[in-house]
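Asker: Okay, so here is model-v8.tsv, and as you'll see once you scroll down, it has TSV, C-alpha atoms.
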chain	number	residue	atom	x	y	z
A	158	MET	CA	-5.52	-68.84	115.25
A	159	ASN	CA	-9.21	-68.46	115.69
A	160	ARG	CA	-11.82	-68.80	113.00
A	161	THR	CA	-11.98	-65.04	112.19
A	162	VAL	CA	-8.22	-64.80	111.69
A	163	ARG	CA	-8.26	-67.89	109.41
A	164	MET	CA	-11.01	-66.31	107.25
A	165	ILE	CA	-9.05	-63.04	106.88
A	166	ALA	CA	-5.89	-64.93	105.91
A	167	ALA	CA	-7.77	-67.00	103.35
A	168	ALA	CA	-9.27	-63.89	101.78
A	169	ALA	CA	-5.84	-62.26	101.57
A	170	LEU	CA	-4.43	-65.34	99.82
A	171	VAL	CA	-7.30	-65.30	97.29
A	172	GLY	CA	-6.65	-61.60	96.56
A	173	VAL	CA	-2.94	-62.22	96.03
A	174	GLY	CA	-3.78	-65.14	93.77
A	175	CYS	CA	-6.09	-62.96	91.65
A	176	LEU	CA	-3.42	-60.31	91.30
A	177	LEU	CA	-0.83	-62.86	90.33
A	178	GLY	CA	-3.28	-64.41	87.85
A	179	ALA	CA	-3.98	-61.05	86.19
A	180	GLY	CA	-0.26	-60.35	85.88
A	181	ALA	CA	0.34	-63.75	84.35
A	182	ALA	CA	-2.49	-63.19	81.90
A	183	GLN	CA	-1.02	-59.81	80.88
A	184	ALA	CA	2.39	-61.38	80.47
A	185	ALA	CA	0.87	-64.09	78.30
A	186	THR	CA	-0.78	-61.42	76.12
A	187	ASP	CA	2.51	-59.54	75.73
A	188	ALA	CA	4.21	-62.76	74.73
A	189	LEU	CA	1.88	-63.73	71.88
A	190	PRO	CA	3.90	-65.50	69.18
A	191	LEU	CA	4.78	-63.67	65.97
A	192	ILE	CA	2.71	-64.79	63.00
A	193	LEU	CA	4.14	-64.34	59.52
A	194	LYS	CA	1.97	-62.52	56.96
A	195	GLN	CA	2.59	-64.03	53.56
A	196	ARG	CA	1.54	-60.85	51.71
A	197	ALA	CA	1.64	-57.23	52.84
A	198	VAL	CA	0.55	-54.00	51.13
A	199	VAL	CA	2.51	-50.95	52.26
A	200	GLY	CA	2.56	-47.22	51.60
A	201	GLY	CA	5.46	-45.04	50.68
A	202	ASP	CA	6.98	-44.57	54.15
A	203	GLY	CA	8.86	-47.88	54.26
A	204	VAL	CA	8.28	-51.49	55.33
A	205	ARG	CA	7.89	-52.03	59.07
A	206	LEU	CA	8.23	-55.23	61.05
A	207	SER	CA	4.49	-55.13	61.83
A	208	ASP	CA	3.77	-55.13	58.08
A	209	VAL	CA	5.14	-58.66	57.73
A	210	PHE	CA	4.41	-60.05	61.23
A	211	ALA	CA	1.28	-60.05	63.36
A	212	ASN	CA	1.48	-59.57	67.16
A	213	VAL	CA	4.53	-57.26	67.04
A	214	PRO	CA	4.59	-55.18	70.28
A	215	ALA	CA	4.45	-51.46	69.57
A	216	GLU	CA	7.71	-50.83	71.43
A	217	SER	CA	9.50	-53.45	69.29
A	218	ASP	CA	8.25	-52.22	65.90
A	219	GLY	CA	10.43	-50.39	63.38
A	220	LYS	CA	11.39	-49.94	59.73
A	221	ILE	CA	13.16	-52.86	58.11
A	222	ALA	CA	13.32	-51.80	54.44
A	223	ASP	CA	12.34	-49.15	51.92
A	224	SER	CA	8.98	-49.56	50.20
A	225	PRO	CA	9.10	-51.09	46.71
A	226	ALA	CA	8.36	-48.75	43.80
A	227	PRO	CA	4.72	-48.49	42.66
A	228	GLY	CA	3.88	-51.62	40.71
A	229	ASP	CA	6.93	-53.51	42.06
A	230	ARG	CA	7.14	-56.13	44.81
A	231	MET	CA	9.69	-57.28	47.35
A	232	VAL	CA	10.16	-60.85	48.58
A	233	LEU	CA	11.71	-61.40	52.01
A	234	ASN	CA	13.04	-64.95	52.51
A	235	ALA	CA	13.07	-66.97	55.73
A	236	ARG	CA	16.64	-65.98	56.67
A	237	GLN	CA	15.94	-62.27	56.24
A	238	LEU	CA	12.76	-62.51	58.30
A	239	PHE	CA	14.60	-64.36	61.09
A	240	LEU	CA	17.32	-61.68	61.22
A	241	TYR	CA	14.78	-58.83	61.23
A	242	ALA	CA	12.90	-60.36	64.18
A	243	LYS	CA	16.15	-61.01	66.06
A	244	THR	CA	17.36	-57.42	65.44
A	245	PHE	CA	14.27	-56.09	67.25
A	246	GLY	CA	14.66	-58.54	70.13
A	247	LEU	CA	11.78	-60.81	69.11
A	248	THR	CA	11.72	-64.56	68.85
A	249	TRP	CA	10.67	-66.13	65.56
A	250	ARG	CA	12.02	-69.09	63.68
A	251	PRO	CA	10.78	-70.37	60.32
A	252	THR	CA	9.25	-73.82	60.37
A	253	ASP	CA	10.38	-74.22	56.76
A	254	MET	CA	13.23	-72.39	55.02
A	255	ARG	CA	10.97	-71.92	52.03
A	256	GLU	CA	8.79	-69.52	54.01
A	257	TYR	CA	8.68	-65.95	52.68
A	258	ALA	CA	6.74	-62.70	52.83
A	259	GLU	CA	5.75	-60.77	49.71
A	260	VAL	CA	5.54	-56.98	50.05
A	261	VAL	CA	3.78	-54.87	47.40
A	262	ARG	CA	3.32	-51.11	47.16
A	263	ASP	CA	-0.17	-49.65	47.49
A	264	SER	CA	-0.44	-48.43	43.88
A	265	MET	CA	-2.59	-48.46	40.76
A	266	PRO	CA	-1.89	-48.60	37.02
A	267	ILE	CA	-2.14	-45.23	35.32
A	268	PRO	CA	-5.12	-44.86	32.95
A	269	VAL	CA	-4.05	-45.49	29.36
A	270	GLU	CA	-5.95	-42.32	28.43
A	271	LEU	CA	-3.25	-40.27	30.19
A	272	VAL	CA	-0.61	-41.95	28.01
A	273	ARG	CA	-2.71	-41.28	24.90
A	274	GLU	CA	-3.08	-37.58	25.80
A	275	ALA	CA	0.68	-37.21	26.37
A	276	LEU	CA	1.42	-38.89	23.03
A	277	ALA	CA	-1.11	-36.68	21.23
A	278	THR	CA	0.58	-33.57	22.64
A	279	ALA	CA	3.97	-34.81	21.45
A	280	LEU	CA	2.62	-35.79	18.02
A	281	GLU	CA	1.09	-32.35	17.42
A	282	ARG	CA	4.59	-31.20	16.45
A	283	GLU	CA	4.69	-33.72	13.58
A	284	ASN	CA	2.32	-31.74	11.27
A	285	ILE	CA	-0.35	-34.43	11.39
A	286	GLY	CA	-3.33	-32.12	11.21
A	287	GLU	CA	-5.78	-30.45	13.53
A	288	ASP	CA	-8.00	-33.44	14.32
A	289	PHE	CA	-6.56	-36.89	14.95
A	290	ASP	CA	-6.77	-39.82	17.34
A	291	VAL	CA	-3.94	-41.86	18.79
A	292	GLU	CA	-4.25	-45.66	18.82
A	293	ILE	CA	-1.86	-47.53	21.14
A	294	TYR	CA	-1.04	-51.10	20.11
A	295	ASN	CA	0.23	-52.20	23.56
A	296	ARG	CA	-2.34	-54.34	25.35
A	297	ASP	CA	-1.26	-52.71	28.61
A	298	VAL	CA	1.22	-50.04	29.65
A	299	PRO	CA	2.92	-51.20	32.89
A	300	LEU	CA	3.27	-47.81	34.55
A	301	PHE	CA	2.10	-47.54	38.15
A	302	VAL	CA	1.57	-44.64	40.52
A	303	ALA	CA	1.17	-44.62	44.28
A	304	THR	CA	-2.50	-44.55	45.27
A	305	GLY	CA	-3.64	-40.94	45.66
A	306	ASP	CA	-0.85	-39.42	43.53
A	307	ARG	CA	-1.51	-37.47	40.32
A	308	PRO	CA	0.83	-38.87	37.63
A	309	THR	CA	2.48	-36.79	34.91
A	310	VAL	CA	3.45	-38.73	31.79
A	311	ILE	CA	6.65	-37.85	29.90
A	312	VAL	CA	7.19	-38.91	26.26
A	313	ARG	CA	10.74	-39.46	25.05
A	314	ASN	CA	12.42	-40.78	21.87
A	315	LEU	CA	9.34	-40.28	19.69
A	316	VAL	CA	9.78	-41.59	16.13
A	317	PHE	CA	6.92	-40.94	13.68
A	318	ASP	CA	6.63	-42.32	10.14
A	319	GLN	CA	4.61	-39.95	7.95
A	320	ARG	CA	4.04	-42.61	5.29
A	321	SER	CA	2.56	-45.32	7.53
A	322	GLN	CA	1.31	-42.88	10.21
A	323	ARG	CA	2.85	-45.16	12.85
A	324	PHE	CA	5.00	-44.20	15.83
A	325	ASP	CA	7.31	-45.62	18.50
A	326	ALA	CA	8.11	-43.85	21.77
A	327	SER	CA	9.15	-44.43	25.35
A	328	VAL	CA	7.00	-43.12	28.18
A	329	THR	CA	7.68	-42.70	31.87
A	330	LEU	CA	6.32	-40.80	34.88
A	331	VAL	CA	7.76	-37.75	36.56
A	332	GLY	CA	9.77	-38.99	39.54
A	333	ALA	CA	9.28	-42.66	38.63
A	334	GLU	CA	11.88	-45.15	39.82
A	335	SER	CA	10.99	-47.77	37.20
A	336	ALA	CA	12.41	-47.92	33.67
A	337	PRO	CA	10.59	-46.21	30.76
A	338	VAL	CA	8.03	-48.28	28.85
A	339	VAL	CA	8.19	-48.56	25.05
A	340	VAL	CA	4.83	-48.00	23.33
A	341	ASN	CA	3.88	-48.07	19.68
A	342	GLY	CA	0.76	-47.36	17.67
A	343	ARG	CA	-0.65	-45.27	14.86
A	344	VAL	CA	-2.28	-41.92	14.24
A	345	ALA	CA	-5.72	-41.69	12.60
A	346	ALA	CA	-6.86	-38.45	10.98
A	347	MET	CA	-10.44	-37.68	12.01
A	348	ILE	CA	-13.31	-35.67	10.54
A	349	SER	CA	-16.73	-34.68	11.88
A	350	VAL	CA	-19.83	-35.90	10.04
A	351	PRO	CA	-23.57	-35.63	10.74
A	352	VAL	CA	-25.38	-38.80	11.85
A	353	LEU	CA	-28.90	-39.55	13.04
A	354	ARG	CA	-29.86	-39.57	16.71
A	355	ASN	CA	-32.48	-42.27	16.08
A	356	HIS	CA	-33.17	-44.91	13.45
A	357	ALA	CA	-34.93	-43.59	10.31
A	358	MET	CA	-37.15	-45.40	7.83
A	359	PRO	CA	-38.12	-44.56	4.25
A	360	GLY	CA	-40.75	-41.84	4.32
A	361	ASP	CA	-39.33	-40.19	7.46
A	362	VAL	CA	-38.29	-36.59	6.78
A	363	ILE	CA	-34.98	-35.73	8.43
A	364	ARG	CA	-35.05	-32.51	10.46
A	365	GLU	CA	-32.17	-30.62	12.03
A	366	ASN	CA	-33.01	-31.81	15.55
A	367	ASP	CA	-32.79	-35.41	14.29
A	368	VAL	CA	-29.06	-34.94	13.65
A	369	ARG	CA	-25.93	-34.91	15.80
A	370	TRP	CA	-22.24	-34.71	14.88
A	371	THR	CA	-19.68	-37.43	15.46
A	372	ARG	CA	-16.00	-38.00	14.71
A	373	VAL	CA	-14.90	-40.79	12.38
A	374	GLU	CA	-11.64	-41.78	10.76
A	375	ALA	CA	-11.09	-39.78	7.59
A	376	ARG	CA	-10.04	-42.91	5.69
A	377	ARG	CA	-13.48	-44.44	6.37
A	378	ALA	CA	-15.30	-41.43	4.93
A	379	GLY	CA	-15.32	-41.47	1.14
A	380	PRO	CA	-16.64	-38.95	-1.37
A	381	ASN	CA	-20.08	-40.56	-1.01
A	382	THR	CA	-20.23	-39.91	2.76
A	383	VAL	CA	-22.63	-37.20	3.93
A	384	SER	CA	-20.50	-34.45	5.47
A	385	ARG	CA	-22.85	-31.41	5.30
A	386	LEU	CA	-26.20	-30.74	6.93
A	387	ASP	CA	-27.55	-29.46	3.61
A	388	ASP	CA	-27.12	-32.95	2.17
A	389	LEU	CA	-29.26	-34.42	4.94
A	390	ILE	CA	-31.92	-31.99	6.14
A	391	GLY	CA	-35.30	-32.33	4.42
A	392	ARG	CA	-34.43	-35.64	2.79
A	393	THR	CA	-35.80	-39.12	3.45
A	394	PRO	CA	-34.01	-42.50	3.55
A	395	ARG	CA	-34.10	-44.80	0.54
A	396	ARG	CA	-33.57	-47.65	3.00
A	397	PRO	CA	-33.46	-47.90	6.83
A	398	ILE	CA	-30.61	-45.88	8.38
A	399	THR	CA	-29.15	-46.90	11.76
A	400	ALA	CA	-28.65	-44.24	14.43
A	401	GLY	CA	-25.05	-43.12	14.86
A	402	GLN	CA	-23.81	-44.67	11.61
A	403	THR	CA	-22.19	-42.69	8.82
A	404	ILE	CA	-24.63	-41.95	5.98
A	405	ARG	CA	-23.99	-42.16	2.24
A	406	LEU	CA	-25.48	-39.75	-0.22
A	407	THR	CA	-26.98	-42.73	-2.03
A	408	ASP	CA	-28.84	-43.68	1.18
A	409	LEU	CA	-31.01	-40.58	0.77
A	410	ARG	CA	-33.46	-39.15	-1.70
A	411	PRO	CA	-35.37	-35.87	-1.81
A	412	ASN	CA	-38.64	-35.75	0.09
A	413	TYR	CA	-40.88	-35.31	-2.93
A	414	VAL	CA	-43.99	-33.37	-1.97
A	415	ILE	CA	-45.19	-33.10	-5.56
A	416	GLY	CA	-45.43	-36.00	-7.99
A	417	ARG	CA	-45.48	-35.94	-11.75
A	418	GLY	CA	-49.05	-35.31	-12.96
A	419	ASP	CA	-50.18	-33.77	-9.66
A	420	LEU	CA	-52.37	-30.69	-9.76
A	421	VAL	CA	-50.63	-27.82	-8.01
A	422	THR	CA	-51.42	-24.24	-7.07
A	423	VAL	CA	-49.19	-21.65	-8.71
A	424	VAL	CA	-48.72	-18.58	-6.50
A	425	LEU	CA	-47.47	-15.21	-7.68
A	426	LYS	CA	-46.84	-12.39	-5.23
A	427	ALA	CA	-46.43	-8.93	-6.71
A	428	GLY	CA	-46.26	-6.26	-4.02
A	429	THR	CA	-49.42	-6.54	-1.95
A	430	MET	CA	-51.19	-8.55	-4.62
A	431	THR	CA	-51.28	-12.34	-4.72
A	432	LEU	CA	-52.41	-14.26	-7.78
A	433	THR	CA	-53.03	-18.00	-8.00
A	434	ALA	CA	-53.66	-20.44	-10.81
A	435	ARG	CA	-53.93	-24.20	-11.21
A	436	ALA	CA	-51.39	-26.18	-13.15
A	437	GLU	CA	-50.21	-29.73	-13.76
A	438	ALA	CA	-46.78	-30.78	-12.53
A	439	LEU	CA	-44.62	-32.20	-15.28
A	440	GLU	CA	-41.93	-33.33	-12.82
A	441	LYS	CA	-41.77	-34.52	-9.26
A	442	GLY	CA	-40.15	-32.18	-6.76
A	443	ALA	CA	-39.13	-31.61	-3.16
A	444	VAL	CA	-39.33	-28.30	-1.29
A	445	GLY	CA	-36.82	-25.93	-2.91
A	446	ASP	CA	-36.64	-27.80	-6.22
A	447	VAL	CA	-37.33	-26.02	-9.51
A	448	ILE	CA	-39.86	-27.98	-11.61
A	449	ARG	CA	-41.84	-27.40	-14.76
A	450	VAL	CA	-45.62	-27.09	-14.62
A	451	ARG	CA	-48.26	-26.58	-17.36
A	452	ASN	CA	-50.90	-23.91	-16.89
A	453	ASN	CA	-54.37	-25.49	-17.08
A	454	GLN	CA	-55.83	-22.53	-19.01
A	455	SER	CA	-53.04	-21.31	-21.28
A	456	ARG	CA	-51.33	-24.72	-21.57
A	457	LYS	CA	-48.02	-22.88	-21.30
A	458	VAL	CA	-45.09	-24.55	-19.54
A	459	LEU	CA	-43.64	-22.54	-16.64
A	460	GLU	CA	-40.60	-22.98	-14.43
A	461	THR	CA	-41.58	-22.83	-10.77
A	462	ARG	CA	-40.05	-23.42	-7.36
A	463	VAL	CA	-41.68	-25.84	-4.90
A	464	ILE	CA	-42.53	-24.05	-1.64
A	465	ALA	CA	-44.84	-26.63	-0.02
A	466	ALA	CA	-46.85	-29.74	-0.78
A	467	ASP	CA	-48.90	-29.09	-3.94
A	468	THR	CA	-47.78	-25.42	-4.02
A	469	VAL	CA	-45.26	-23.67	-6.29
A	470	THR	CA	-44.33	-20.06	-6.98
A	471	LEU	CA	-42.95	-18.12	-9.95
A	472	THR	CA	-41.40	-14.73	-10.57
A	473	ALA	CA	-43.22	-11.52	-11.57
A	474	ALA	CA	-41.66	-11.71	-15.03
A	475	GLN	CA	-43.71	-14.85	-15.68
A	476	VAL	CA	-47.09	-13.43	-14.65
A	477	ALA	CA	-48.10	-13.00	-18.27
A	478	SER	CA	-47.64	-16.74	-18.80
A	479	ILE	CA	-50.45	-17.53	-16.38
A	480	ASN	CA	-53.09	-15.89	-18.60
Is it possible to give me this structure as structure tokens?
Answerer:
Amino acid sequence: MNRTVRMIAAAALVGVGCLLGAGAAQAATDALPLILKQRAVVGGDGVRLSDVFANVPAESDGKIADSPAPGDRMVLNARQLFLYAKTFGLTWRPTDMREYAEVVRDSMPIPVELVREALATALERENIGEDFDVEIYNRDVPLFVATGDRPTVIVRNLVFDQRSQRFDASVTLVGAESAPVVVNGRVAAMISVPVLRNHAMPGDVIRENDVRWTRVEARRAGPNTVSRLDDLIGRTPRRPITAGQTIRLTDLRPNYVIGRGDLVTVVLKAGTMTLTARAEALEKGAVGDVIRVRNNQSRKVLETRVIAADTVTLTAAQVASIN
């Protein structure tokens, strides 16, 4: 064999070696050992072998169990895991018989507001009133729904006590596999009252755009609570009033624009004619109040209505009293 032949043979051997090496590498990749996942989150289409083991070949993968219900979990022990791997022709042995895999469903707790709305709908048949809130005593309501689903809450076995305004009921979800959950709470009758948008200090005159409406429990609103705009508009606080808080009638006083002893202008309008006179206020008054004044010339006492700061008006029948 000459030198050229030896070089060709050597090159052929190197090529064969490379091909054999690549095949061995591929075989090594295909034979990666199974690695147990201690916790797996699955959807609603069942638990697959690849959910609990890493490195499962695609051709050896398959369903091993149904998915747990939303909010539930499944624990697979070492013996079960060994049998599942063996069933699919894969080699895995636990290093410790205490090994396990925990499988949980991809789910989320339902918002408690959905439970409250369902209870409110059911309680409407108990003649509670038009406006009420539902308070749930349970710290949490363990109802879960698969992620992406829209839950529908069902209320069963509702018992309502008119005297204490408390209730007990069981709630569940449409199509839920878990048992109903018992909830309890109370009903609070509500009313709407006007409150201030911003803090107010004595001397501030409350206008309509300073006010908004809010709902409060009826039992917290007594006969002294401001419930009408007319009790609030045009008045001023006796003491600072916090924004958003219920207001008592005793927190307010009229916005006096005329003080006792002030000189005021008395205005009389009769048709197209307007007459004025000066008088002394005998009482303090806010806009809209009726106060007594004394005419500076005749010294007669007249009843007038405050229409602005230092200005009052009287009726045509009293025009003779001005002279």
Asker: Taking 5 positions as the minimum chain separation for residues in the same chain, which residues sit within 9 Å of Gly445 (chain A) when counting all atoms listed in the file? Answer as a VMD selection string.
Answerer: chain A and resid 462 to 465
Asker: Please identify all polymer residues lying at most 12 Å from the point (4.5, -32.6, 20.5) (file coordinates), using all atoms listed in the file, and present the result as a ChimeraX atom specification.
Answerer: /A:274-285,311-317,326
Asker: Determine, counting only C-alpha atoms, which protein, DNA and RNA residues have an atom within 6 Å of an atom of region 221-229 of chain A; residues of the same chain fewer than 3 positions away are not included. Present the result as a PyMOL selection string.
Answerer: chain A and resi 201+203-205+262+264+301-303
Asker: Give me the residues near region 346-355 of chain A as a PDB file with C-alpha atoms, in the coordinates of the input, where near means some atom within 6 Å (using only C-alpha atoms) and where sequence neighbours in that chain fewer than 3 positions away do not count.
Answerer:
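Written file, out23.pdb:
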ATOM      1  CA  ASP A 288      -8.000 -33.440  14.320  1.00  0.00           C
ATOM      2  CA  PHE A 289      -6.560 -36.890  14.950  1.00  0.00           C
ATOM      3  CA  ASP A 367     -32.790 -35.410  14.290  1.00  0.00           C
ATOM      4  CA  VAL A 368     -29.060 -34.940  13.650  1.00  0.00           C
ATOM      5  CA  ARG A 369     -25.930 -34.910  15.800  1.00  0.00           C
ATOM      6  CA  TRP A 370     -22.240 -34.710  14.880  1.00  0.00           C
ATOM      7  CA  THR A 371     -19.680 -37.430  15.460  1.00  0.00           C
ATOM      8  CA  ARG A 372     -16.000 -38.000  14.710  1.00  0.00           C
ATOM      9  CA  VAL A 373     -14.900 -40.790  12.380  1.00  0.00           C
ATOM     10  CA  GLU A 374     -11.640 -41.780  10.760  1.00  0.00           C
ATOM     11  CA  ALA A 375     -11.090 -39.780   7.590  1.00  0.00           C
ATOM     12  CA  SER A 384     -20.500 -34.450   5.470  1.00  0.00           C
ATOM     13  CA  ALA A 400     -28.650 -44.240  14.430  1.00  0.00           C
ATOM     14  CA  GLY A 401     -25.050 -43.120  14.860  1.00  0.00           C
ATOM     15  CA  THR A 403     -22.190 -42.690   8.820  1.00  0.00           C
TER      16      THR A 403
END
Asker: What's around region 424-440 of chain A at 6 Å? Count all atoms listed in the file, leave out sequence neighbours fewer than 5 positions away in its own chain, and write the answer as a PyMOL selection string.
Answerer: chain A and resi 417-419+448-453+470-471
Asker: Looking at A:Asp290, A:Ala242, A:Gln237, A:Val447, which one is nearest to Met254 (chain A), with distances taken over all atoms listed in the file?
Answerer: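 Closest to Met254 (chain A), using all atoms listed in the file: A:Gln237.
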Asker: Using only C-alpha atoms - which residues lie no farther than 10 Å from the point (10.4, -50.8, 29.5) in the file's frame? Write them as a list in words.
Answerer: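 Here is the list of nearby residues: Val298, Pro299, Leu300, Ser327, Val328, Thr329, Ser335, Ala336, Pro337, Val338, Val339 and Val340 of chain A.
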Asker: Between CA of Pro411 (chain A) and CA of Gly442 (chain A), what distance in Å does the model show, to one decimal?
Answerer: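 The value is 7.8 Å.
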Asker: One decimal, in Å: what's the spacing between CA of Ile363 (chain A) and CA of Thr399 (chain A)?
Answerer: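 One can read the CA of Ile363 (chain A) to CA of Thr399 (chain A) distance as 13.0 Å.
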Asker: Using only C-alpha atoms, which protein or nucleic acid residues come within 10 Å of region 356-361 of chain A? Drop anything in the same chain fewer than 4 positions from it, and give the result as a PDB file with C-alpha atoms, keeping the file's coordinate frame.
Answerer:
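Dumped everything to out_39.pdb:
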ATOM      1  CA  ASP A 367     -32.790 -35.410  14.290  1.00  0.00           C
ATOM      2  CA  GLY A 391     -35.300 -32.330   4.420  1.00  0.00           C
ATOM      3  CA  ARG A 392     -34.430 -35.640   2.790  1.00  0.00           C
ATOM      4  CA  THR A 393     -35.800 -39.120   3.450  1.00  0.00           C
ATOM      5  CA  PRO A 394     -34.010 -42.500   3.550  1.00  0.00           C
ATOM      6  CA  ARG A 395     -34.100 -44.800   0.540  1.00  0.00           C
ATOM      7  CA  ARG A 396     -33.570 -47.650   3.000  1.00  0.00           C
ATOM      8  CA  PRO A 397     -33.460 -47.900   6.830  1.00  0.00           C
ATOM      9  CA  ILE A 398     -30.610 -45.880   8.380  1.00  0.00           C
ATOM     10  CA  THR A 399     -29.150 -46.900  11.760  1.00  0.00           C
ATOM     11  CA  ALA A 400     -28.650 -44.240  14.430  1.00  0.00           C
ATOM     12  CA  GLY A 401     -25.050 -43.120  14.860  1.00  0.00           C
ATOM     13  CA  GLN A 402     -23.810 -44.670  11.610  1.00  0.00           C
ATOM     14  CA  ASP A 408     -28.840 -43.680   1.180  1.00  0.00           C
ATOM     15  CA  LEU A 409     -31.010 -40.580   0.770  1.00  0.00           C
ATOM     16  CA  ARG A 410     -33.460 -39.150  -1.700  1.00  0.00           C
ATOM     17  CA  ASN A 412     -38.640 -35.750   0.090  1.00  0.00           C
ATOM     18  CA  TYR A 413     -40.880 -35.310  -2.930  1.00  0.00           C
TER      19      TYR A 413
END
Asker: Using all atoms listed in the file for the distances, tell me which of A:Phe210, A:Gly379, A:Gly332, A:Asp202 is nearest to Val310 (chain A).
Answerer: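 Among A:Phe210, A:Gly379, A:Gly332, A:Asp202, it is A:Gly332 that comes nearest to Val310 (chain A).
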Asker: Using only C-alpha atoms, can you tell me which of A:Val209, A:Ala235, A:Ile267, A:Ala466 comes closest to Gly305 (chain A)?
Answerer: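 Checking each candidate against Gly305 (chain A), we get A:Ile267 as the closest.
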Asker: Between CA of Ile415 (chain A) and CA of Val362 (chain A), what is the spacing in Å?
Answerer: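 Going from CA of Val362 (chain A) over to CA of Ile415 (chain A), I get 14.6 Å.
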Asker: Using only C-alpha atoms, pick whichever of A:Ile293, A:Thr407, A:Leu191, A:Asn366 has the shortest atom-to-atom distance to Lys243 (chain A).
Answerer: A:Leu191
Asker: Smallest atom-to-atom distance to Leu459 (chain A): which of A:Glu270, A:Ala443, A:Val423, A:Glu216, using all atoms listed in the file?
Answerer: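 Closest residue, counting all atoms listed in the file: A:Val423.
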Asker: From the list A:Leu386, A:Ala258, A:Leu233, A:Ile404, which residue is nearest Leu193 (chain A) when using only C-alpha atoms?
Answerer: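 Checking each of A:Leu386, A:Ala258, A:Leu233, A:Ile404 against Leu193 (chain A), counting only C-alpha atoms, the winner is A:Ala258.
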